[in-house]
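See below for the structure under consideration.
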Amino acid sequence: MELRLAVRQRRMSRNFTGRPPDPGVVDAILADALRAPSAGNTQGRDLVVLEGPSETKQFWETTTDAAWRARSGRFAGLSRAPVVVLVFAAPGAYRSRYEEPDKRPTSGVPVEWVVPFWFVDAAFATMTILLRATEEGLGAAFLGNFRGEEVLRVQLGVPGDRRWLGAVLLGEATGPDPPSSSLARGRRPFADSVHRGAW
Ligand SMILES: Cc1cc2nc3c(=O)[nH]c(=O)nc-3n(C[C@H](O)[C@H](O)[C@H](O)COP(=O)(O)O)c2cc1C
């Protein structure tokens, strides 16, 4: 599939059949995610891969509450995703990297982290997963970090200094998958978003 097509066809899938994807395909997608650009080539992003209902169930229990699960029309389809990839960022790795001689600011003043590069890198890797999944014909959805980060870390043995960006659900998509209410906002027109020369 051409990249342009993958970009245009990619959609968040919120209903999965539950059928496990080919493990080789999942590994290929994850390997490509690790080729995403990385600030200072720090590569301070880690992927915790949960596979099958016994591993994914705890993720749902930790990151959603019972009231939401009961009222959400989407929970059943989402929670059938056979693979959940949790994307973690390592702020400390970037802080250390940018203290190294080739990166340390010549002013001697530590980097201010106006933009936390650890989240940028984690997001680039995440986007690569979404696009590669599209190319492989798999459904994928990114779910943001709303709750459960601390508990997830403990449950999964993730080092305490890591930050959780969110989760990518992967698997065979199915219908019905009614469009998210967010899509009613439409796309901002090109000319509203792209500012040539100045805003
Ligand atoms: C940072 C971020 C957090 C998101 N969190 C959620 C989420 O928790 N649940 C969900 O269903 N979709 C989530 N989305 C998906 C957006 O709703 C979706 O990308 C947007 O509506 C555009 O739809 P499309 O990706 O299918 O084109 C998230 C997207 C981003 C970038």
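Each chain in the structure tokens gets a letter, A, B, ..., in the order shown, and its residues are numbered from 1; ligands are numbered from 1 in order too.
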**Request:** Can you list, as a PyMOL selection string, all residues belonging to stretch 74-185 of chain A that DSSP tags as strand (DSSP E)?
**Result:** chain A and resi 83-89+139-144+163-171
**All residues 12 Å or closer to A:Asp27, only C-alpha atoms, same chain fewer than 3 positions away omitted, as a list in words** = Pro21, Asp22, Pro23, Gly24, Leu30, Ala31, Asp32, Ala33, Leu34, Leu47, Val49, Val83, Val85, Ile129, Arg132, Ala133, Glu136 and Leu170 of chain A
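Restricting the atom set to only C-alpha atoms and all ligand atoms, one finds that the residues within 8 Å of ligand 1 amount to Arg10, Arg11, Met12, Ser13, Arg14, Ala141, Phe142, Leu143, Gly144, Asn145, Phe146, Gly166, Pro179, Ser180, Ser181, Ser182 and Leu183 of chain A.
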**Asked** Between A:Arg74, A:Trp68, A:Leu50, A:Ile29, which is the closest to A:Pro176 once you count only C-alpha atoms?
**Response** A:Arg74
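Taking stretch 68-115 of chain A and asking which residues DSSP calls alpha helix (DSSP H) on the backbone, you get Trp68, Arg69, Ala70, Arg71, Phe75, Ala76, Gly77, Leu78, Ser79, Pro91, Gly92, Ala93, Tyr94, Arg95, Ser96 and Arg97 of chain A.
As for atom CA of A:Ala125 and atom CA of A:Arg35, they are spaced 7.6 Å apart.
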**Request:** Would you mind listing what lies within 12 Å of A:Phe75 as a PyMOL selection string, with only C-alpha atoms counted and same-chain residues fewer than 2 positions away left out?
**Result:** chain A and resi 14-16+57+60-61+64-73+77-81+177
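The space separating atom CA of A:Asp102 from atom CA of A:Val87 comes to 27.6 Å.
Pairwise distance (atom CA of A:Ala173, atom CA of A:Leu3) equals 20.1 Å.
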Report as a PDB file with N, CA and C atoms, in the first residue's frame all protein, DNA and RNA residues lying within 10 Å of A:Gln58, evaluated on only C-alpha atoms, omitting residues in the same chain fewer than 6 positions from it.
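Output below, filename selection_15.pdb:
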ATOM      1  N   LEU A  50       0.455  -6.564  25.353  1.00  0.00           N
ATOM      2  CA  LEU A  50      -0.464  -7.492  26.026  1.00  0.00           C
ATOM      3  C   LEU A  50      -1.199  -8.265  24.940  1.00  0.00           C
ATOM      4  N   LEU A 152      -1.134   0.617  36.535  1.00  0.00           N
ATOM      5  CA  LEU A 152      -0.624  -0.161  35.395  1.00  0.00           C
ATOM      6  C   LEU A 152       0.862  -0.441  35.552  1.00  0.00           C
ATOM      7  N   GLN A 155       1.353  -3.119  38.149  1.00  0.00           N
ATOM      8  CA  GLN A 155       0.864  -4.433  37.674  1.00  0.00           C
ATOM      9  C   GLN A 155       1.818  -5.047  36.656  1.00  0.00           C
ATOM     10  N   LEU A 156       2.400  -4.194  35.824  1.00  0.00           N
ATOM     11  CA  LEU A 156       3.199  -4.705  34.706  1.00  0.00           C
ATOM     12  C   LEU A 156       4.695  -4.650  34.975  1.00  0.00           C
TER      13      LEU A 156
END
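Of the listed residues (A:Trp113, A:Trp118, A:Phe88, A:Phe59), A:Trp118 comes nearest to A:Asn41; the distances count only C-alpha atoms.
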